[in-house]
Each structure stands twice: as structure tokens, then as C-alpha cells.
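File shown: target-v2.txt. Contents: compact mmCIF, C-alpha atoms.
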```txt
# COMPACT_ATOMS: atom_id res chain seq x y z
CA ARG G 15 10.05 -21.77 12.00
CA VAL G 16 8.59 -19.78 9.13
CA GLN G 17 4.81 -20.06 8.76
CA PHE G 18 3.58 -20.02 5.15
CA SER G 19 0.08 -19.40 3.89
CA ALA G 20 -1.28 -18.81 0.39
CA GLU G 21 -4.19 -16.91 -1.16
CA MET G 22 -5.64 -17.28 -4.65
CA ARG G 23 -8.34 -15.01 -6.06
CA THR G 24 -9.96 -15.05 -9.51
CA ARG G 25 -12.22 -12.11 -10.31
CA CYS G 26 -14.22 -10.73 -13.24
CA ASP G 27 -15.10 -7.03 -13.57
CA TRP G 28 -17.52 -4.97 -15.66
CA PHE G 29 -17.76 -1.20 -15.42
CA ASP G 30 -18.72 1.95 -17.36
CA TYR G 31 -16.95 5.31 -17.22
CA ASN G 32 -16.55 8.70 -18.90
CA ALA G 33 -13.18 9.36 -20.54
CA ARG G 34 -11.71 12.88 -20.91
CA VAL G 35 -10.14 12.86 -24.38
CA PRO G 36 -8.21 15.71 -26.15
CA LYS G 37 -9.96 17.14 -29.20
CA THR G 38 -8.30 16.20 -32.51
CA THR G 39 -8.85 17.37 -36.07
CA GLY G 40 -7.29 17.21 -39.52
CA LEU G 41 -5.61 14.56 -41.57
CA PHE G 42 -2.85 13.94 -39.04
CA GLY G 43 -5.05 14.11 -35.93
CA LEU G 44 -3.61 17.39 -34.67
CA ARG G 45 -4.73 18.31 -31.18
CA GLN G 46 -6.92 21.29 -30.47
CA ASN G 47 -7.33 23.19 -27.23
CA GLY G 48 -9.92 21.64 -24.97
CA TYR G 49 -11.25 18.18 -24.20
CA THR G 50 -14.33 16.13 -24.90
CA ARG G 51 -15.97 13.43 -22.82
CA GLU G 52 -16.64 10.02 -24.28
CA ASN G 53 -18.55 7.14 -22.74
CA ASP G 54 -16.66 3.88 -22.57
CA SER G 55 -17.00 0.52 -20.86
CA VAL G 56 -14.92 -2.47 -19.86
CA GLN G 57 -16.47 -5.90 -20.29
CA ALA G 58 -15.54 -9.18 -18.59
CA VAL G 59 -12.00 -8.44 -17.38
CA PHE G 60 -10.72 -11.57 -15.65
CA SER G 61 -7.76 -11.42 -13.29
CA ASN G 62 -5.77 -13.74 -11.04
CA ARG G 63 -4.08 -12.63 -7.82
CA PHE G 64 -1.82 -15.06 -5.98
CA ARG G 65 -0.15 -14.29 -2.66
CA LEU G 66 2.38 -16.23 -0.63
CA ASN G 67 2.51 -15.00 2.97
CA MET G 68 5.39 -15.56 5.39
CA LYS G 69 5.69 -14.92 9.13
CA THR G 70 8.16 -15.89 11.82
CA GLU G 71 9.11 -14.81 15.35
CA LEU G 72 12.89 -14.58 15.44
CA THR G 73 12.94 -13.79 19.18
CA ASP G 74 10.37 -12.78 21.78
CA ASN G 75 10.44 -9.18 20.56
CA VAL G 76 11.57 -9.47 16.91
CA ARG G 77 9.18 -10.58 14.18
CA PHE G 78 9.57 -10.90 10.40
CA SER G 79 6.66 -10.73 7.94
CA GLY G 80 6.64 -10.96 4.16
CA ARG G 81 4.40 -11.38 1.15
CA LEU G 82 5.08 -12.34 -2.47
CA THR G 83 2.38 -11.38 -4.96
CA MET G 84 1.47 -12.13 -8.58
CA TYR G 85 -1.39 -10.03 -9.94
CA LYS G 86 -2.22 -10.40 -13.63
CA ARG G 87 -5.15 -10.10 -16.04
CA TRP G 88 -5.96 -13.23 -18.01
CA ASN G 89 -3.79 -13.69 -21.09
CA GLU G 90 -2.54 -10.10 -21.08
CA MET G 91 0.61 -9.87 -23.18
CA THR G 92 1.18 -6.13 -23.04
CA GLY G 93 -0.02 -3.37 -20.78
CA ILE G 94 1.01 -0.71 -18.31
CA THR G 95 4.11 -1.61 -16.35
CA VAL G 96 3.52 -0.94 -12.66
CA ARG G 97 5.51 1.73 -10.86
CA ALA G 98 7.45 1.07 -7.71
CA THR G 99 4.67 2.59 -5.59
CA ASN G 100 1.92 0.20 -6.71
CA GLU G 101 3.87 -2.98 -7.40
CA GLY G 102 1.65 -5.92 -6.49
CA ARG G 103 -1.31 -3.62 -5.92
CA VAL G 104 -2.55 -3.43 -9.54
CA PRO G 105 -2.40 -6.01 -12.37
CA ASP G 106 0.88 -6.07 -14.28
CA ASP G 107 1.70 -7.38 -17.74
CA GLU G 108 4.25 -9.82 -16.30
CA ALA G 109 3.37 -12.98 -14.38
CA ASP G 110 6.20 -12.51 -11.90
CA LEU G 111 6.19 -12.77 -8.12
CA VAL G 112 6.97 -9.38 -6.62
CA VAL G 113 7.94 -8.61 -3.04
CA GLU G 114 4.95 -6.63 -1.83
CA ARG G 115 6.01 -6.77 1.84
CA ALA G 116 9.17 -7.75 3.69
CA TYR G 117 9.68 -6.07 7.05
CA VAL G 118 10.92 -6.59 10.59
CA ASP G 119 9.13 -5.44 13.75
CA TYR G 120 11.30 -4.79 16.81
CA PHE G 121 9.30 -4.28 20.03
CA PHE G 122 10.87 -2.55 23.05
CA GLU G 123 9.87 -0.57 26.17
CA PRO G 124 11.92 2.51 27.06
CA HIS G 125 9.25 3.12 29.72
CA PRO G 126 6.69 0.66 31.18
CA LYS G 127 3.82 2.92 30.10
CA LEU G 128 5.19 3.64 26.65
CA PRO G 129 5.89 0.47 24.65
CA MET G 130 7.25 1.14 21.19
CA ALA G 131 7.86 -0.71 17.93
CA LEU G 132 10.41 -0.06 15.21
CA THR G 133 9.47 -1.33 11.74
CA PHE G 134 11.82 -1.32 8.76
CA GLY G 135 11.98 -2.89 5.31
CA ARG G 136 9.28 -3.02 2.64
CA LEU G 137 6.57 -1.55 4.82
CA PRO G 138 2.99 -2.87 5.24
CA ILE G 139 1.35 0.36 4.07
CA SER G 140 -1.23 -1.37 1.89
CA GLU G 141 -4.57 -3.00 2.73
CA GLY G 142 -5.43 -0.84 5.70
CA LEU G 143 -8.89 0.31 6.73
CA PRO G 144 -11.42 0.11 5.08
CA THR G 145 -9.97 -2.45 2.63
CA ASP G 146 -10.93 -5.22 5.05
CA LEU G 147 -14.60 -4.34 4.49
CA LYS G 148 -14.23 -4.35 0.70
CA GLU G 149 -12.28 -7.63 0.64
CA ASP G 150 -14.20 -9.19 3.57
CA THR G 151 -10.93 -10.06 5.32
CA GLN G 152 -9.16 -9.18 8.54
CA ARG G 153 -7.36 -5.87 8.75
CA LYS G 154 -3.86 -6.33 7.32
CA SER G 155 -2.23 -2.94 7.86
CA VAL G 156 -2.19 -0.24 10.52
CA TYR G 157 -2.07 2.47 7.84
CA PRO G 158 -5.44 3.47 6.28
CA ALA G 159 -5.90 2.56 2.63
CA LEU G 160 -7.75 5.84 2.04
CA ALA G 161 -4.42 7.59 2.60
CA TRP G 162 -1.89 4.91 1.55
CA ASP G 163 -2.29 1.78 -0.52
CA VAL G 164 1.13 1.50 -2.12
CA THR G 165 4.39 -0.41 -1.96
CA GLY G 166 7.11 1.48 -0.11
CA ASP G 167 10.52 0.87 1.46
CA GLY G 168 11.36 2.73 4.63
CA ALA G 169 11.08 2.75 8.42
CA GLY G 170 8.43 3.57 10.99
CA LEU G 171 8.33 4.16 14.74
CA THR G 172 5.14 3.40 16.69
CA PHE G 173 4.29 4.72 20.16
CA MET G 174 1.60 2.58 21.81
CA LEU G 175 -0.48 4.96 23.93
CA ASP G 176 -3.10 2.75 25.60
CA SER G 177 -1.64 3.27 29.10
CA LEU G 178 -1.26 7.04 28.69
CA THR G 179 -4.57 7.85 26.99
CA GLY G 180 -6.82 5.17 28.49
CA LEU G 181 -8.14 4.49 24.97
CA ASN G 182 -8.05 1.02 23.44
CA GLU G 183 -5.61 0.43 20.57
CA SER G 184 -4.40 4.03 20.50
CA ALA G 185 -1.05 4.72 18.88
CA PHE G 186 1.07 7.46 17.31
CA ARG G 187 3.30 6.62 14.34
CA LEU G 188 6.12 8.36 12.48
CA VAL G 189 6.93 6.89 9.07
CA TYR G 190 9.46 7.63 6.33
CA TYR G 191 9.65 5.90 2.97
CA ARG G 192 11.44 6.63 -0.30
CA SER G 193 11.56 5.43 -3.88
CA ASN G 194 13.80 6.27 -6.83
CA ARG G 195 12.38 6.45 -10.35
CA ASP G 196 15.51 7.40 -12.27
CA SER G 197 17.47 5.38 -14.75
CA THR G 198 20.17 3.09 -13.44
CA GLU G 199 22.66 5.90 -14.07
CA LEU G 200 21.05 8.41 -11.70
CA TRP G 201 20.34 6.52 -8.50
CA TYR G 202 19.63 9.14 -5.82
CA ARG G 203 21.98 11.68 -7.37
CA HIS G 204 21.27 15.40 -6.93
CA ASN G 205 20.40 16.13 -10.53
CA ASP G 206 17.74 18.21 -12.30
CA LEU G 207 16.55 15.02 -13.99
CA GLN G 208 16.08 13.25 -10.68
CA ASP G 209 12.58 12.19 -9.68
CA ASP G 210 12.81 10.69 -6.20
CA LEU G 211 9.78 10.30 -3.99
CA GLU G 212 10.31 10.97 -0.27
CA VAL G 213 7.37 10.79 2.11
CA PHE G 214 7.22 11.67 5.81
CA PHE G 215 3.96 11.24 7.64
CA ALA G 216 2.61 11.11 11.16
CA GLN G 217 -0.49 9.20 12.21
CA PHE G 218 -2.60 9.06 15.35
CA GLU G 219 -5.13 6.26 15.68
CA THR G 220 -7.49 5.06 18.36
CA LYS G 221 -10.65 3.10 18.87
CA LEU G 222 -13.50 5.37 19.92
CA PRO G 223 -14.78 4.81 23.46
CA GLY G 224 -18.35 3.78 24.08
CA LYS G 225 -20.38 0.62 24.23
CA TYR G 226 -22.05 1.01 20.83
CA ILE G 227 -19.12 2.37 18.81
CA GLN G 228 -16.37 0.09 20.04
CA ASP G 229 -15.52 -1.16 16.53
CA ILE G 230 -15.08 2.33 15.04
CA PHE G 231 -11.59 3.77 14.55
CA PHE G 232 -10.52 7.41 14.45
CA VAL G 233 -7.41 8.06 12.34
CA LEU G 234 -5.63 11.40 11.83
CA ASN G 235 -2.79 11.69 9.29
CA PHE G 236 -0.31 14.48 8.61
CA LEU G 237 1.85 14.37 5.47
```
Translate this file's structure into C-alpha cells.
Amino acid sequence: RVQFSAEMRTRCDWFDYNARVPKTTGLFGLRQNGYTRENDSVQAVFSNRFRLNMKTELTDNVRFSGRLTMYKRWNEMTGITVRATNEGRVPDDEADLVVERAYVDYFFEPHPKLPMALTFGRLPISEGLPTDLKEDTQRKSVYPALAWDVTGDGAGLTFMLDSLTGLNESAFRLVYYRSNRDSTELWYRHNDLQDDLEVFFAQFETKLPGKYIQDIFFVLNFL
């Protein structure tokens, strides 16, 4: 009953940029106050991104979705290890499959004009608008990538407002997610060394009315 699909992308990038580098001097490269700007460039960076997508309808109103991702530059042996908030979103130095998404949607109607959805697990808060334009794909998240494009575990509650507002695809969402970046000895303990990340945000979204702007979305976020 589980539907599987796979994606494979190979890409090559070139780009130039200005780097902000601390001033150094002396035999031992001691730092001075202030920074300098240096021009740099990246040439022919190849990368592979593989995704294994999963989807199943457990019941009429319960749905599970998941995605395993491997994202790696060609032949990279060392590099920056990804943090929990961008796992699967940027290339890593390990060719491992990571769980980028794994969540359950539970749909229910406390009132006929106010259908709701409860989402929990590894939330789909990556690849929202306007990533679909950049990747030339369908929209894959209700949360805008300009605000969120990370990997996060948590829960969200969606109020579908089409019947109340008269606007197409209008919704209000409340979302909470959390990550822990401590050592294995300090999981979620109240300690001065603790560095947990807790995020609460609210989002209102709707398609704008009108014949000529029917494919334009308005999104308002509060963090």
C-alpha cells in the first residue's frame, strides 16, 4: 500500500563571490582588528542528490508521507558536517540516506465549515514557495522556503478557511518544532551549556482573488 518514487539529480555549479576575511600579520599570522574583502570563485562543483519518496493512505483521513535523501558532492572525502536543521538540504561529506521527511497528516472536522489537519513527525517545512519555480517542480510544502527551508521535528495544526473567507486555498497554521544540539550527555537538560532550538510560528496563506492573479499566493508569517 506504500507508493514509492525516486528522484536523481546531477548538477554542476560555477560562481564568484567576495569573502570577508580577518586581517592577519606577523610570523604567526596574528589577527588584527578589522576585515578585508577578497575575491574568490568556485569552479565546476559536481553534486548528486538522490531522493526516495514514500506515501500511503492508512485510512480515509490519515496519511503518511516520507522522504529519504542523499546529497553529496562528487568524491568529497571531508567537509562541513550538516546540522540537524539542514540535514538533506545541503551537501554532506557522508553518502548516507537521511530522513528528510517522515510525518503523518490527520484530517478531521470539528465543524462542517472548519476542516482541520494535525501534522506531526519530521515536518515538511522545506521546498515551499518559490522553490518550485527554481527547481521547475510542483509545490512540495505549504511553508514558504523564503522563511523556512530546513529539517525539523514537531507538530502543526492547520485550519482550512475556504468556507469562512470565501478565498481559494486559504488556511491558518500553527507550528512548533524543536531540535537539540548538545552532546549526548545534555539532551534537553536545563543547563547553561544547553543550545536547544525551539520555534513557534503562525502562518496565514491564501490565493489572491481575481481572474488574472489566480496563481499568486499571499503568505503572512509570525515567528
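Distance check against Thr179 in chain G using all atoms listed in the file: of G:Leu222, G:Leu137, G:Leu66, G:Leu132, the minimum falls on G:Leu222.
When the distance limit is 9 Å and only C-alpha atoms are what count, the residues near Asn235 in chain G, minus those fewer than 5 positions from it on the same chain, are Ala161, Phe215, Ala216, Gln217, Phe218 and Glu219 of chain G.
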How many Å lie between CA of Arg15 in chain G and CA of Met68 in chain G, rounded to one decimal?
10.2 Å
Give me, as a tab-separated table (two decimals) with C-alpha atoms, keeping the file's coordinate frame, all polymer residues having an atom no more than 12 Å from Leu178 in chain G, counting all atoms listed in the file and skipping those fewer than 6 positions away in the same chain.
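Contents of the output file part_39.tsv:
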```
chain	number	residue	atom	x	y	z
G	125	HIS	CA	9.25	3.12	29.72
G	126	PRO	CA	6.69	0.66	31.18
G	127	LYS	CA	3.82	2.92	30.10
G	128	LEU	CA	5.19	3.64	26.65
G	129	PRO	CA	5.89	0.47	24.65
G	184	SER	CA	-4.40	4.03	20.50
G	185	ALA	CA	-1.05	4.72	18.88
G	186	PHE	CA	1.07	7.46	17.31
```
Which polymer residues have any atom within 12 Å of an atom of Gly168 in chain G, counting all atoms listed in the file, with same-chain residues fewer than 5 positions away left out, as a PDB file with C-alpha atoms, in the coordinates of the input?
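Output file selection-v8.pdb follows:
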```
ATOM      1  CA  ARG G 115       6.010  -6.770   1.840  1.00  0.00           C
ATOM      2  CA  ALA G 116       9.170  -7.750   3.690  1.00  0.00           C
ATOM      3  CA  TYR G 117       9.680  -6.070   7.050  1.00  0.00           C
ATOM      4  CA  VAL G 118      10.920  -6.590  10.590  1.00  0.00           C
ATOM      5  CA  LEU G 132      10.410  -0.060  15.210  1.00  0.00           C
ATOM      6  CA  THR G 133       9.470  -1.330  11.740  1.00  0.00           C
ATOM      7  CA  PHE G 134      11.820  -1.320   8.760  1.00  0.00           C
ATOM      8  CA  GLY G 135      11.980  -2.890   5.310  1.00  0.00           C
ATOM      9  CA  ARG G 136       9.280  -3.020   2.640  1.00  0.00           C
ATOM     10  CA  LEU G 137       6.570  -1.550   4.820  1.00  0.00           C
ATOM     11  CA  PRO G 138       2.990  -2.870   5.240  1.00  0.00           C
ATOM     12  CA  ILE G 139       1.350   0.360   4.070  1.00  0.00           C
ATOM     13  CA  LEU G 188       6.120   8.360  12.480  1.00  0.00           C
ATOM     14  CA  VAL G 189       6.930   6.890   9.070  1.00  0.00           C
ATOM     15  CA  TYR G 190       9.460   7.630   6.330  1.00  0.00           C
ATOM     16  CA  TYR G 191       9.650   5.900   2.970  1.00  0.00           C
ATOM     17  CA  ARG G 192      11.440   6.630  -0.300  1.00  0.00           C
ATOM     18  CA  SER G 193      11.560   5.430  -3.880  1.00  0.00           C
ATOM     19  CA  LEU G 211       9.780  10.300  -3.990  1.00  0.00           C
ATOM     20  CA  GLU G 212      10.310  10.970  -0.270  1.00  0.00           C
ATOM     21  CA  VAL G 213       7.370  10.790   2.110  1.00  0.00           C
ATOM     22  CA  PHE G 214       7.220  11.670   5.810  1.00  0.00           C
ATOM     23  CA  PHE G 215       3.960  11.240   7.640  1.00  0.00           C
TER      24      PHE G 215
END
```
Any idea what the distance is between CA of Val113 in chain G and CA of Gly80 in chain G?
7.7 Å
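Here the question is which of G:Val104, G:Ala33, G:Leu82, G:Leu234 gets nearest to Ser55 in chain G using all atoms listed in the file, and that residue is G:Ala33.
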Have a look at CA of Gln17 in chain G and CA of Ser155 in chain G and let me know their distance in Å, one decimal.
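Atom-to-atom, CA of Gln17 in chain G and CA of Ser155 in chain G are spaced 18.5 Å apart.
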With distances taken over all atoms listed in the file, which residue among G:Ala131, G:Ala58, G:Leu237, G:Val16 lies nearest Arg87 in chain G?
G:Ala58
Out of G:Thr73, G:Glu90, G:Arg65, G:Phe231, which residue has the shortest atom-to-atom distance to Val156 in chain G when counting all atoms listed in the file?
G:Phe231
List as a compact mmCIF listing (two decimals) with C-alpha atoms, keeping the file's coordinate frame the protein and nucleic acid residues near Tyr85 in chain G, meaning an atom at most 12 Å away when all atoms listed in the file are counted, but skip any in the same chain fewer than 3 places from it.
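Saved as out_30.txt:
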```
# COMPACT_ATOMS: atom_id res chain seq x y z
CA GLU G 21 -4.19 -16.91 -1.16
CA MET G 22 -5.64 -17.28 -4.65
CA ARG G 23 -8.34 -15.01 -6.06
CA THR G 24 -9.96 -15.05 -9.51
CA ARG G 25 -12.22 -12.11 -10.31
CA PHE G 60 -10.72 -11.57 -15.65
CA SER G 61 -7.76 -11.42 -13.29
CA ASN G 62 -5.77 -13.74 -11.04
CA ARG G 63 -4.08 -12.63 -7.82
CA PHE G 64 -1.82 -15.06 -5.98
CA ARG G 65 -0.15 -14.29 -2.66
CA LEU G 66 2.38 -16.23 -0.63
CA LEU G 82 5.08 -12.34 -2.47
CA TRP G 88 -5.96 -13.23 -18.01
CA ASN G 89 -3.79 -13.69 -21.09
CA GLU G 90 -2.54 -10.10 -21.08
CA THR G 95 4.11 -1.61 -16.35
CA VAL G 96 3.52 -0.94 -12.66
CA ASN G 100 1.92 0.20 -6.71
CA GLU G 101 3.87 -2.98 -7.40
CA GLY G 102 1.65 -5.92 -6.49
CA ARG G 103 -1.31 -3.62 -5.92
CA VAL G 104 -2.55 -3.43 -9.54
CA PRO G 105 -2.40 -6.01 -12.37
CA ASP G 106 0.88 -6.07 -14.28
CA ASP G 107 1.70 -7.38 -17.74
CA GLU G 108 4.25 -9.82 -16.30
CA ALA G 109 3.37 -12.98 -14.38
CA ASP G 110 6.20 -12.51 -11.90
CA LEU G 111 6.19 -12.77 -8.12
CA VAL G 112 6.97 -9.38 -6.62
CA VAL G 113 7.94 -8.61 -3.04
CA GLU G 114 4.95 -6.63 -1.83
```
List the spatial neighbours of Tyr31 in chain G as a list in words - criterion: any atom at most 12 Å away, all atoms listed in the file, same-chain residues fewer than 2 positions off excluded.
Trp28, Phe29, Ala33, Arg34, Arg51, Glu52, Asn53, Asp54, Ser55, Val56 and Gln57 of chain G
Give the padded box for range 154-171 of chain G as AutoDock Vina command-line options: axis-aligned, covering all atoms listed in the file, 8 Å on each side, centre and edge lengths in Å to one decimal.
```
--center_x 1.8 --center_y 0.6 --center_z 6.3 --size_x 35.1 --size_y 29.9 --size_z 32.9
```
